[in-house]
$ cat work.csv   # CSV, C-alpha atoms
chain,number,residue,atom,x,y,z
A,1,MET,CA,21.4,61.5,142.1
A,2,LYS,CA,20.7,60.4,145.6
A,3,ASN,CA,19.3,62.5,148.4
A,4,LYS,CA,17.8,59.8,150.8
A,5,LYS,CA,14.2,60.9,150.1
A,6,TRP,CA,13.3,57.6,148.6
A,7,LYS,CA,10.5,56.8,151.0
A,8,LEU,CA,8.6,59.8,149.5
A,9,LEU,CA,9.4,59.0,145.9
A,10,LEU,CA,6.0,57.9,144.8
A,11,PHE,CA,4.5,61.1,146.1
A,12,VAL,CA,7.0,63.5,144.5
A,13,CYS,CA,5.2,63.6,141.1
A,14,SER,CA,3.3,66.8,141.5
A,15,LEU,CA,1.2,66.5,138.4
A,16,CYS,CA,-1.1,63.8,137.1
A,17,ILE,CA,-2.3,63.3,133.5
A,18,SER,CA,-5.3,62.0,131.7
A,19,SER,CA,-4.7,60.1,128.5
A,20,GLY,CA,-8.1,58.6,127.7
A,21,CYS,CA,-9.0,59.2,124.1
A,22,THR,CA,-10.3,57.6,120.9
A,23,GLN,CA,-7.2,55.9,119.4
A,24,LYS,CA,-6.1,56.1,115.8
A,25,GLN,CA,-6.6,52.9,113.9
A,26,ASN,CA,-3.8,50.3,114.7
A,27,LEU,CA,-2.3,52.4,117.5
A,28,GLU,CA,-1.9,50.8,120.9
A,29,LYS,CA,-1.4,52.5,124.2
A,30,HIS,CA,1.7,51.4,126.1
A,31,SER,CA,3.2,52.8,129.4
A,32,MET,CA,6.2,52.2,131.6
A,33,THR,CA,7.2,53.5,135.0
A,34,ALA,CA,10.7,53.3,136.5
A,35,THR,CA,12.1,54.3,139.9
A,36,ASN,CA,15.8,53.7,139.2
A,37,LEU,CA,16.7,55.6,136.0
A,38,GLY,CA,17.9,58.7,137.7
A,39,PHE,CA,17.3,62.1,139.4
A,40,ASP,CA,16.0,60.2,142.5
A,41,THR,CA,12.4,60.3,141.1
A,42,VAL,CA,9.8,58.3,139.3
A,43,ILE,CA,10.1,58.4,135.5
A,44,SER,CA,6.9,57.5,133.5
A,45,PHE,CA,6.4,57.4,129.8
A,46,THR,CA,3.2,56.7,127.8
A,47,ALA,CA,3.0,56.5,124.0
A,48,TYR,CA,0.6,55.3,121.3
A,49,THR,CA,2.5,53.0,119.0
A,50,LYS,CA,1.8,50.3,116.4
A,51,ASN,CA,2.9,47.5,118.7
A,52,GLU,CA,4.8,46.7,121.9
A,53,LYS,CA,8.1,46.2,120.0
A,54,GLU,CA,8.0,49.8,118.8
A,55,PHE,CA,7.3,51.0,122.3
A,56,LYS,CA,10.2,49.0,123.7
A,57,LYS,CA,12.5,50.7,121.3
A,58,TYR,CA,11.5,54.1,122.6
A,59,GLU,CA,11.6,52.9,126.2
A,60,ASN,CA,15.2,51.7,125.8
A,61,GLU,CA,16.3,55.0,124.3
A,62,LEU,CA,14.5,56.9,127.1
A,63,SER,CA,16.4,54.8,129.7
A,64,LYS,CA,19.7,55.5,128.1
A,65,GLN,CA,19.0,59.3,127.9
A,66,ILE,CA,17.8,59.7,131.4
A,67,SER,CA,20.7,57.7,132.8
A,68,TYR,CA,23.2,59.8,130.8
A,69,TYR,CA,21.8,63.1,132.0
A,70,ASN,CA,21.6,61.9,135.6
A,71,LYS,CA,25.3,61.1,135.6
A,72,ILE,CA,26.6,64.3,134.0
A,73,PHE,CA,24.4,66.6,136.2
A,74,ASP,CA,25.1,64.6,139.5
A,75,ARG,CA,26.8,66.7,142.1
A,76,TYR,CA,27.1,63.9,144.7
A,77,ASN,CA,28.5,60.9,142.9
A,78,SER,CA,31.4,60.2,140.5
A,79,TYR,CA,31.3,57.9,137.5
A,80,GLU,CA,34.2,56.3,135.7
A,81,GLY,CA,35.2,58.2,132.6
A,82,ILE,CA,32.8,61.1,133.2
A,83,ASN,CA,33.5,64.6,134.3
A,84,ASN,CA,30.3,65.9,135.8
A,85,ILE,CA,29.0,68.6,138.2
A,86,LYS,CA,30.7,66.9,141.1
A,87,THR,CA,34.0,66.9,139.2
A,88,ILE,CA,33.7,70.6,138.7
A,89,ASN,CA,32.9,71.2,142.3
A,90,ASP,CA,35.7,68.9,143.5
A,91,ASN,CA,38.2,71.0,141.4
A,92,ALA,CA,37.0,74.4,142.7
A,93,GLY,CA,40.0,76.7,143.1
A,94,LYS,CA,42.3,74.0,141.6
A,95,LYS,CA,41.9,73.7,137.9
A,96,PRO,CA,39.5,74.0,134.9
A,97,VAL,CA,37.6,70.8,134.2
A,98,GLU,CA,36.9,69.6,130.6
A,99,VAL,CA,33.2,68.7,130.3
A,100,ASN,CA,30.8,67.8,127.5
A,101,GLU,CA,28.7,70.2,125.5
A,102,ASP,CA,25.5,69.4,127.5
A,103,ILE,CA,27.0,70.7,130.7
A,104,ILE,CA,28.3,73.8,128.9
A,105,ASP,CA,24.8,74.3,127.5
A,106,LEU,CA,23.1,73.9,130.8
A,107,LEU,CA,25.4,76.3,132.6
A,108,THR,CA,25.0,78.9,129.8
A,109,ILE,CA,21.2,78.7,130.1
A,110,SER,CA,21.6,78.9,133.9
A,111,LYS,CA,23.6,82.1,133.7
A,112,GLU,CA,21.2,83.7,131.3
A,113,TYR,CA,18.2,83.0,133.6
A,114,ALA,CA,20.1,84.1,136.6
A,115,GLU,CA,20.3,87.5,134.9
A,116,LEU,CA,16.7,87.4,133.7
A,117,THR,CA,15.4,86.6,137.1
A,118,ASN,CA,17.6,89.1,138.9
A,119,GLY,CA,19.3,86.3,140.8
A,120,LYS,CA,16.1,84.5,142.0
A,121,PHE,CA,17.4,81.5,140.0
A,122,ASP,CA,21.0,80.8,141.0
A,123,ILE,CA,22.8,77.5,140.7
A,124,THR,CA,26.0,79.0,142.3
A,125,LEU,CA,24.4,78.8,145.7
A,126,GLY,CA,25.5,75.2,146.2
A,127,SER,CA,27.3,76.0,149.5
A,128,VAL,CA,24.1,77.5,150.9
A,129,MET,CA,22.0,74.5,149.7
A,130,ASP,CA,24.5,72.1,151.3
A,131,LEU,CA,23.8,73.6,154.7
A,132,TRP,CA,20.0,73.1,154.3
A,133,ARG,CA,20.6,69.6,152.9
A,134,GLU,CA,22.6,68.7,156.0
A,135,ALA,CA,19.8,69.9,158.2
A,136,ARG,CA,17.2,68.0,156.2
A,137,GLU,CA,19.2,64.7,156.3
A,138,GLN,CA,19.7,65.1,160.1
A,139,ALA,CA,15.9,65.5,160.5
A,140,GLU,CA,15.4,62.3,158.4
A,141,LYS,CA,17.7,60.4,160.7
A,142,ASN,CA,16.3,61.9,163.9
A,143,PRO,CA,13.0,63.8,163.6
A,144,ASP,CA,13.1,64.6,167.3
A,145,ASN,CA,16.5,66.5,167.0
A,146,THR,CA,16.1,68.9,164.1
A,147,PHE,CA,17.8,72.3,163.5
A,148,VAL,CA,18.0,75.1,161.0
A,149,PRO,CA,21.3,76.5,159.7
A,150,SER,CA,22.3,79.8,161.4
A,151,MET,CA,22.1,83.0,159.5
A,152,GLU,CA,25.8,83.6,160.1
A,153,ASP,CA,26.7,80.2,158.4
A,154,LEU,CA,24.2,80.9,155.6
A,155,GLU,CA,25.6,84.4,154.9
A,156,ASN,CA,29.1,83.1,155.0
A,157,ALA,CA,28.3,80.4,152.5
A,158,LYS,CA,26.6,82.9,150.2
A,159,GLU,CA,29.9,84.9,150.1
A,160,HIS,CA,31.2,82.0,147.9
A,161,SER,CA,28.3,82.2,145.3
A,162,GLY,CA,28.1,84.3,142.2
A,163,TRP,CA,28.7,84.0,138.5
A,164,ASP,CA,31.9,86.0,138.8
A,165,LYS,CA,33.4,82.9,140.3
A,166,VAL,CA,32.4,80.7,137.4
A,167,GLN,CA,34.6,80.7,134.3
A,168,ILE,CA,33.1,78.9,131.2
A,169,ASP,CA,35.4,78.4,128.2
A,170,LYS,CA,33.2,77.4,125.3
A,171,GLU,CA,36.2,76.9,122.9
A,172,LYS,CA,37.9,74.4,125.3
A,173,ASN,CA,34.7,73.1,126.8
A,174,THR,CA,36.0,73.7,130.3
A,175,VAL,CA,34.5,75.0,133.6
A,176,TYR,CA,36.5,76.5,136.4
A,177,LEU,CA,35.3,77.7,139.8
A,178,THR,CA,37.8,80.3,140.9
A,179,ASP,CA,36.7,80.1,144.6
A,180,PRO,CA,37.7,76.9,146.4
A,181,LYS,CA,34.4,77.0,148.4
A,182,THR,CA,32.0,77.7,145.5
A,183,ARG,CA,29.7,74.8,144.7
A,184,LEU,CA,27.2,74.4,141.8
A,185,ASP,CA,23.8,72.9,142.4
A,186,VAL,CA,21.8,72.3,139.3
A,187,GLY,CA,18.8,70.7,140.9
A,188,ALA,CA,16.4,73.4,139.8
A,189,ILE,CA,17.2,72.9,136.1
A,190,ALA,CA,18.8,69.5,135.5
A,191,LYS,CA,15.6,67.4,135.5
A,192,GLY,CA,13.7,69.9,133.2
A,193,TYR,CA,16.7,70.0,130.8
A,194,ALA,CA,16.9,66.2,130.7
A,195,ILE,CA,13.2,65.6,130.2
A,196,ASP,CA,13.2,68.3,127.4
A,197,LYS,CA,16.2,66.8,125.6
A,198,THR,CA,14.9,63.3,126.0
A,199,SER,CA,11.5,64.2,124.7
A,200,GLN,CA,13.0,65.9,121.6
A,201,HIS,CA,15.0,62.7,121.0
A,202,LEU,CA,11.9,60.5,121.3
A,203,LYS,CA,10.1,62.7,118.8
A,204,GLU,CA,12.9,62.4,116.3
A,205,LEU,CA,12.7,58.7,116.7
A,206,GLY,CA,9.1,58.7,115.8
A,207,VAL,CA,6.9,59.3,118.9
A,208,GLU,CA,3.8,61.2,117.7
A,209,HIS,CA,1.4,60.8,120.6
A,210,GLY,CA,2.4,60.5,124.2
A,211,PHE,CA,3.9,62.2,127.2
A,212,LEU,CA,7.0,61.9,129.5
A,213,ASN,CA,6.8,62.6,133.2
A,214,GLY,CA,9.9,63.0,135.3
A,215,GLY,CA,8.8,63.6,138.9
A,216,GLY,CA,6.3,66.3,137.9
A,217,ASN,CA,8.3,67.6,135.0
A,218,ILE,CA,5.9,66.8,132.1
A,219,ARG,CA,6.4,67.1,128.4
A,220,LEU,CA,3.6,66.4,126.1
A,221,LEU,CA,4.6,64.7,122.8
A,222,GLY,CA,2.1,65.7,120.2
A,223,ASN,CA,-1.7,65.7,120.8
A,224,LYS,CA,-3.8,62.7,121.7
A,225,PRO,CA,-4.3,60.2,118.8
A,226,ASP,CA,-7.7,61.8,118.1
A,227,ASP,CA,-5.9,65.2,117.9
A,228,SER,CA,-7.5,66.6,121.0
A,229,ASN,CA,-5.7,68.2,123.9
A,230,TRP,CA,-4.3,66.4,127.0
A,231,VAL,CA,-5.8,67.1,130.4
A,232,VAL,CA,-3.1,67.6,133.1
A,233,GLY,CA,-4.0,67.8,136.7
A,234,VAL,CA,-2.1,69.8,139.4
A,235,GLN,CA,-1.8,67.8,142.6
A,236,ILE,CA,-3.1,69.0,145.9
A,237,PRO,CA,-0.1,70.4,147.8
A,238,ASP,CA,-0.5,67.9,150.7
A,239,LEU,CA,1.4,64.6,151.0
A,240,THR,CA,-1.5,63.2,153.2
A,241,GLN,CA,-3.6,63.2,150.0
A,242,GLN,CA,-3.3,60.6,147.3
A,243,ALA,CA,-0.8,61.4,144.6
A,244,THR,CA,-3.6,61.2,142.0
A,245,ASP,CA,-5.8,63.9,143.7
A,246,SER,CA,-5.9,67.1,141.6
A,247,ILE,CA,-6.6,70.6,142.8
A,248,SER,CA,-6.9,72.0,139.3
A,249,SER,CA,-6.7,70.7,135.7
A,250,LEU,CA,-5.5,72.2,132.5
A,251,SER,CA,-6.4,71.3,128.9
A,252,LEU,CA,-3.1,71.6,127.0
A,253,PRO,CA,-2.0,71.0,123.4
A,254,GLY,CA,0.9,68.7,122.4
A,255,ASN,CA,4.5,69.9,122.7
A,256,THR,CA,3.8,71.8,125.9
A,257,SER,CA,5.7,71.5,129.1
A,258,ILE,CA,4.3,71.9,132.6
A,259,VAL,CA,6.4,71.8,135.8
A,260,THR,CA,5.3,72.3,139.4
A,261,SER,CA,7.4,73.4,142.4
A,262,GLY,CA,5.9,73.0,145.9
A,263,ASP,CA,6.7,73.1,149.6
A,264,TYR,CA,5.4,69.6,150.1
A,265,GLN,CA,7.9,67.7,148.0
A,266,ARG,CA,11.1,67.7,150.2
A,267,PHE,CA,11.0,69.1,153.6
A,268,TYR,CA,11.4,68.5,157.4
A,269,VAL,CA,9.6,70.0,160.3
A,270,TYR,CA,11.3,72.3,162.8
A,271,ASP,CA,9.4,73.7,165.7
A,272,GLY,CA,6.1,73.1,164.0
A,273,THR,CA,7.2,74.8,160.7
A,274,ILE,CA,7.8,73.1,157.4
A,275,MET,CA,11.3,73.7,156.2
A,276,HIS,CA,11.2,72.8,152.6
A,277,HIS,CA,13.9,72.6,149.9
A,278,ILE,CA,13.1,75.8,147.8
A,279,ILE,CA,15.4,78.4,149.2
A,280,ASP,CA,15.0,82.1,148.5
A,281,PRO,CA,18.4,83.5,147.3
A,282,GLU,CA,17.7,86.8,149.0
A,283,THR,CA,16.6,85.6,152.5
A,284,LEU,CA,18.5,82.3,152.3
A,285,GLN,CA,15.3,80.8,154.0
A,286,PRO,CA,12.5,78.5,152.6
A,287,ALA,CA,10.2,80.7,150.5
A,288,ARG,CA,6.8,81.5,152.0
A,289,TYR,CA,4.5,82.7,149.2
A,290,ALA,CA,2.3,80.1,147.5
A,291,ARG,CA,2.0,76.4,148.4
A,292,SER,CA,2.9,75.5,144.8
A,293,VAL,CA,3.6,77.2,141.5
A,294,SER,CA,3.1,75.5,138.1
A,295,ILE,CA,4.6,76.8,134.9
A,296,VAL,CA,3.1,76.0,131.5
A,297,CYS,CA,5.6,76.8,128.7
A,298,ASP,CA,6.9,75.8,125.3
A,299,ASP,CA,10.3,75.2,126.8
A,300,GLY,CA,10.7,72.4,129.4
A,301,THR,CA,14.0,73.7,130.7
A,302,ALA,CA,12.5,77.2,131.2
A,303,SER,CA,9.5,75.7,132.9
A,304,ASP,CA,11.7,74.0,135.5
A,305,ILE,CA,13.7,77.2,136.1
A,306,LEU,CA,10.7,79.5,136.4
A,307,SER,CA,8.7,77.2,138.7
A,308,THR,CA,11.5,77.6,141.2
A,309,ALA,CA,12.1,81.3,140.6
A,310,LEU,CA,8.4,82.2,140.9
A,311,PHE,CA,8.0,80.2,144.0
A,312,THR,CA,10.4,82.6,145.7
A,313,MET,CA,8.5,85.8,144.9
A,314,SER,CA,5.0,87.3,145.1
A,315,GLN,CA,2.5,86.5,142.4
A,316,GLU,CA,2.6,90.1,141.3
A,317,ASP,CA,6.3,90.0,140.9
A,318,GLY,CA,6.2,86.5,139.3
A,319,GLN,CA,3.7,87.6,136.7
A,320,ALA,CA,5.7,90.7,135.9
A,321,LEU,CA,8.8,88.4,135.4
A,322,LEU,CA,6.8,86.1,133.1
A,323,ASP,CA,5.7,89.1,131.0
A,324,LYS,CA,9.2,90.3,130.7
A,325,ILE,CA,10.7,87.0,129.7
A,326,ASN,CA,7.9,86.3,127.2
A,327,LYS,CA,8.7,89.5,125.4
A,328,GLU,CA,12.4,88.7,125.3
A,329,LYS,CA,12.3,84.9,124.6
A,330,ASP,CA,8.8,84.3,123.2
A,331,ILE,CA,8.3,81.0,125.2
A,332,HIS,CA,4.6,81.5,126.0
A,333,ALA,CA,5.1,80.9,129.7
A,334,SER,CA,2.1,81.1,132.1
A,335,ALA,CA,1.7,80.2,135.7
A,336,LEU,CA,-0.8,78.7,138.1
A,337,TRP,CA,-0.5,79.4,141.9
A,338,VAL,CA,-2.1,77.4,144.7
A,339,TYR,CA,-2.6,79.0,148.1
A,340,ASP,CA,-4.0,77.9,151.4
A,341,LYS,CA,-5.5,80.3,154.0
A,342,ASN,CA,-2.0,80.9,155.5
A,343,THR,CA,-0.4,82.0,152.2
A,344,LEU,CA,-3.4,83.7,150.5
A,345,PRO,CA,-2.6,87.2,149.2
A,346,LYS,CA,-5.3,89.9,149.8
A,347,HIS,CA,-6.0,90.8,146.2
A,348,LEU,CA,-6.1,88.2,143.4
A,349,GLU,CA,-7.4,88.3,139.9
A,350,ASN,CA,-8.3,85.2,137.9
A,351,SER,CA,-8.9,82.9,140.8
A,352,TYR,CA,-11.3,80.3,142.2
A,353,LYS,CA,-11.6,78.1,145.3
A,354,ASN,CA,-11.3,74.3,145.5
A,355,GLN,CA,-11.7,72.7,148.9
A,356,GLU,CA,-9.6,74.8,151.3
A,357,TYR,CA,-7.3,76.1,148.6
A,358,THR,CA,-7.4,79.1,146.3
A,359,ILE,CA,-6.1,78.7,142.7
A,360,SER,CA,-4.9,81.7,140.8
A,361,TYR,CA,-3.5,81.8,137.3
A,362,SER,CA,-2.1,83.9,134.5
A,363,SER,CA,-4.8,85.4,132.2
A,364,SER,CA,-3.3,83.4,129.3
A,365,LEU,CA,-4.5,80.2,131.0
A,366,LYS,CA,-8.1,81.2,131.4
A,367,GLU,CA,-9.4,79.2,128.5
A,368,LYS,CA,-7.2,76.2,129.5
A,369,ILE,CA,-8.6,75.8,133.0
A,370,VAL,CA,-10.7,72.7,133.5
A,371,LYS,CA,-12.2,73.0,137.0
$ encode --input "work.csv" --output "structure tokens"
Amino acid sequence: MKNKKWKLLLFVCSLCISSGCTQKQNLEKHSMTATNLGFDTVISFTAYTKNEKEFKKYENELSKQISYYNKIFDRYNSYEGINNIKTINDNAGKKPVEVNEDIIDLLTISKEYAELTNGKFDITLGSVMDLWREAREQAEKNPDNTFVPSMEDLENAKEHSGWDKVQIDKEKNTVYLTDPKTRLDVGAIAKGYAIDKTSQHLKELGVEHGFLNGGGNIRLLGNKPDDSNWVVGVQIPDLTQQATDSISSLSLPGNTSIVTSGDYQRFYVYDGTIMHHIIDPETLQPARYARSVSIVCDDGTASDILSTALFTMSQEDGQALLDKINKEKDIHASALWVYDKNTLPKHLENSYKNQEYTISYSSSLKEKIVK
């Protein structure tokens, strides 16, 4: 998946992680980092293994998995012998497209969460996202000549969104977009889904202690070798800071996922205002609540979805949504919000200050905060 944001790639990872610990006897710490596996982001993997040969086995499997998911969820590029999201979009209004079960699974989950979030998570808004992407790419080419899409164009594009225009046939494994102008954009779920599935595969192969980080989508694989928790740091929401600088840290057990969405990851500046990539489905504009939202959850796919959804709503509404989803799905989802003085709500519970930022969090994270 390409989006011409390569020059910011090393800063996109919105979480950093501490892995220092007392190792089990005969276990060695090995790590890898790659920038070309997929999803236009940095993929890093750390595991404690018996030797380097064992780690290389896991690394090779990881590379295959990430490459596979990148290809099937890509909406901008075609690959020989593969029907992917681009294939579905290209055939909108023409014919159903036969796809593999992972695409069917991802779309099914997407539809479920569109309902659970009352439309705050909506992958059918691809036509709207295309307008913002065009504006962002223009700004990258010529920062002195930027623009924002008109509301008329955005509203016209939104007319072609909606799950009523998406037909999923699970028996035939086909997907059909009935409106020729409908486009799917799975950017807010694809990476989380891929990291989650890849992590499950690595555990099945034998990884007991480690973590996988795909551009800020982190999945912890078991506890540390000494059976203690991992410490995960949420990055300061400012690209002028070092990528390793943390604004808050969390002590988390193994098999936990944490994903952050922020306004500092992909953006351009128009008339002095940051126009970032997280678009509110209601206003069709970049959301203006917190600077970043991190979701801690048992389910990595849900973490990715919910970090985007909660970024487009107030903290009060976001926490209410988490409470509702936790009752229905039992995924133990919690959130951490980072605000600056321009986004700070008037009344916050469970909060503290760090530098010029205010950090607020779900009550279920209180014992996990490491200031």
$ closest_residue --input "work.csv" --among "A:Asn118, A:Thr273, A:Gln65, A:Thr182" --to "Ile325 in chain A" --atoms "only C-alpha atoms"
A:Asn118
$ residues_around --input "work.csv" --residues "Leu131 in chain A" --least-positions-apart "3" --cutoff "10 Å" --atoms "all atoms listed in the file" --output "list in words"
Gly126, Ser127, Val128, Glu134, Ala135, Arg136, Val148, Pro149, Ser150, Asp153, Leu154 and Ala157 of chain A
$ residues_near_point --input "work.csv" --point "(32.8, 83.4, 151.4)" --cutoff "12 Å" --atoms "only C-alpha atoms" --output "PyMOL selection string"
chain A and resi 125+127-128+152-162+165+179-183
$ atom_distance --input "work.csv" --atom1 "CA of Tyr264 in chain A" --atom2 "CA of Thr301 in chain A"
21.6 Å
$ atom_distance --input "work.csv" --atom1 "CA of Glu52 in chain A" --atom2 "CA of Ser67 in chain A"
22.2 Å
$ closest_residue --input "work.csv" --among "A:Leu184, A:Ile258, A:Ala114, A:Leu202" --to "Lys64 in chain A" --atoms "only C-alpha atoms"
A:Leu202
$ atom_distance --input "work.csv" --atom1 "CA of Ile109 in chain A" --atom2 "CA of Ser199 in chain A"
18.3 Å
$ closest_residue --input "work.csv" --among "A:Tyr48, A:Phe267, A:Trp230, A:Phe55" --to "Thr146 in chain A" --atoms "all atoms listed in the file"
A:Phe267
$ residues_around --input "work.csv" --residues "range 207-224 of chain A" --least-positions-apart "4" --cutoff "7 Å" --atoms "only C-alpha atoms" --output "count of residues only"
31
$ residues_around --input "work.csv" --residues "Thr358 in chain A" --least-positions-apart "6" --cutoff "9 Å" --atoms "all atoms listed in the file" --output "PyMOL selection string"
chain A and resi 337-341+344+351-352
$ closest_residue --input "work.csv" --among "A:Glu112, A:Gln235, A:Val97, A:Ala190" --to "Ile168 in chain A" --atoms "only C-alpha atoms"
A:Val97
$ closest_residue --input "work.csv" --among "A:Asp74, A:Val175, A:Ala34, A:Trp163" --to "Gly119 in chain A" --atoms "only C-alpha atoms"
A:Trp163
$ residues_around --input "work.csv" --residues "Ser294 in chain A" --least-positions-apart "5" --cutoff "12 Å" --atoms "all atoms listed in the file" --output "number ranges by chain"
A: 14-15, 216-218, 232-237, 247-250, 257-262, 300, 302-311, 315, 318, 333-338, 359-362, 365
$ write_last_selection --input "work.csv" --atoms "C-alpha atoms" --output "mmCIF file, in the coordinates of the input"
data_model
loop_
_atom_site.group_PDB
_atom_site.id
_atom_site.type_symbol
_atom_site.label_atom_id
_atom_site.label_comp_id
_atom_site.auth_asym_id
_atom_site.auth_seq_id
_atom_site.Cartn_x
_atom_site.Cartn_y
_atom_site.Cartn_z
ATOM 1 C CA SER A 14 3.300 66.800 141.500
ATOM 2 C CA LEU A 15 1.200 66.500 138.400
ATOM 3 C CA GLY A 216 6.300 66.300 137.900
ATOM 4 C CA ASN A 217 8.300 67.600 135.000
ATOM 5 C CA ILE A 218 5.900 66.800 132.100
ATOM 6 C CA VAL A 232 -3.100 67.600 133.100
ATOM 7 C CA GLY A 233 -4.000 67.800 136.700
ATOM 8 C CA VAL A 234 -2.100 69.800 139.400
ATOM 9 C CA GLN A 235 -1.800 67.800 142.600
ATOM 10 C CA ILE A 236 -3.100 69.000 145.900
ATOM 11 C CA PRO A 237 -0.100 70.400 147.800
ATOM 12 C CA ILE A 247 -6.600 70.600 142.800
ATOM 13 C CA SER A 248 -6.900 72.000 139.300
ATOM 14 C CA SER A 249 -6.700 70.700 135.700
ATOM 15 C CA LEU A 250 -5.500 72.200 132.500
ATOM 16 C CA SER A 257 5.700 71.500 129.100
ATOM 17 C CA ILE A 258 4.300 71.900 132.600
ATOM 18 C CA VAL A 259 6.400 71.800 135.800
ATOM 19 C CA THR A 260 5.300 72.300 139.400
ATOM 20 C CA SER A 261 7.400 73.400 142.400
ATOM 21 C CA GLY A 262 5.900 73.000 145.900
ATOM 22 C CA GLY A 300 10.700 72.400 129.400
ATOM 23 C CA ALA A 302 12.500 77.200 131.200
ATOM 24 C CA SER A 303 9.500 75.700 132.900
ATOM 25 C CA ASP A 304 11.700 74.000 135.500
ATOM 26 C CA ILE A 305 13.700 77.200 136.100
ATOM 27 C CA LEU A 306 10.700 79.500 136.400
ATOM 28 C CA SER A 307 8.700 77.200 138.700
ATOM 29 C CA THR A 308 11.500 77.600 141.200
ATOM 30 C CA ALA A 309 12.100 81.300 140.600
ATOM 31 C CA LEU A 310 8.400 82.200 140.900
ATOM 32 C CA PHE A 311 8.000 80.200 144.000
ATOM 33 C CA GLN A 315 2.500 86.500 142.400
ATOM 34 C CA GLY A 318 6.200 86.500 139.300
ATOM 35 C CA ALA A 333 5.100 80.900 129.700
ATOM 36 C CA SER A 334 2.100 81.100 132.100
ATOM 37 C CA ALA A 335 1.700 80.200 135.700
ATOM 38 C CA LEU A 336 -0.800 78.700 138.100
ATOM 39 C CA TRP A 337 -0.500 79.400 141.900
ATOM 40 C CA VAL A 338 -2.100 77.400 144.700
ATOM 41 C CA ILE A 359 -6.100 78.700 142.700
ATOM 42 C CA SER A 360 -4.900 81.700 140.800
ATOM 43 C CA TYR A 361 -3.500 81.800 137.300
ATOM 44 C CA SER A 362 -2.100 83.900 134.500
ATOM 45 C CA LEU A 365 -4.500 80.200 131.000
#
$ residues_near_point --input "work.csv" --point "(25.4, 56.8, 133.3)" --cutoff "12 Å" --atoms "all atoms listed in the file" --output "ChimeraX atom specification"
/A:1,36-39,63-74,77-84
$ closest_residue --input "work.csv" --among "A:Gly272, A:Lys327, A:Trp132, A:Asp122" --to "Met151 in chain A" --atoms "all atoms listed in the file"
A:Trp132
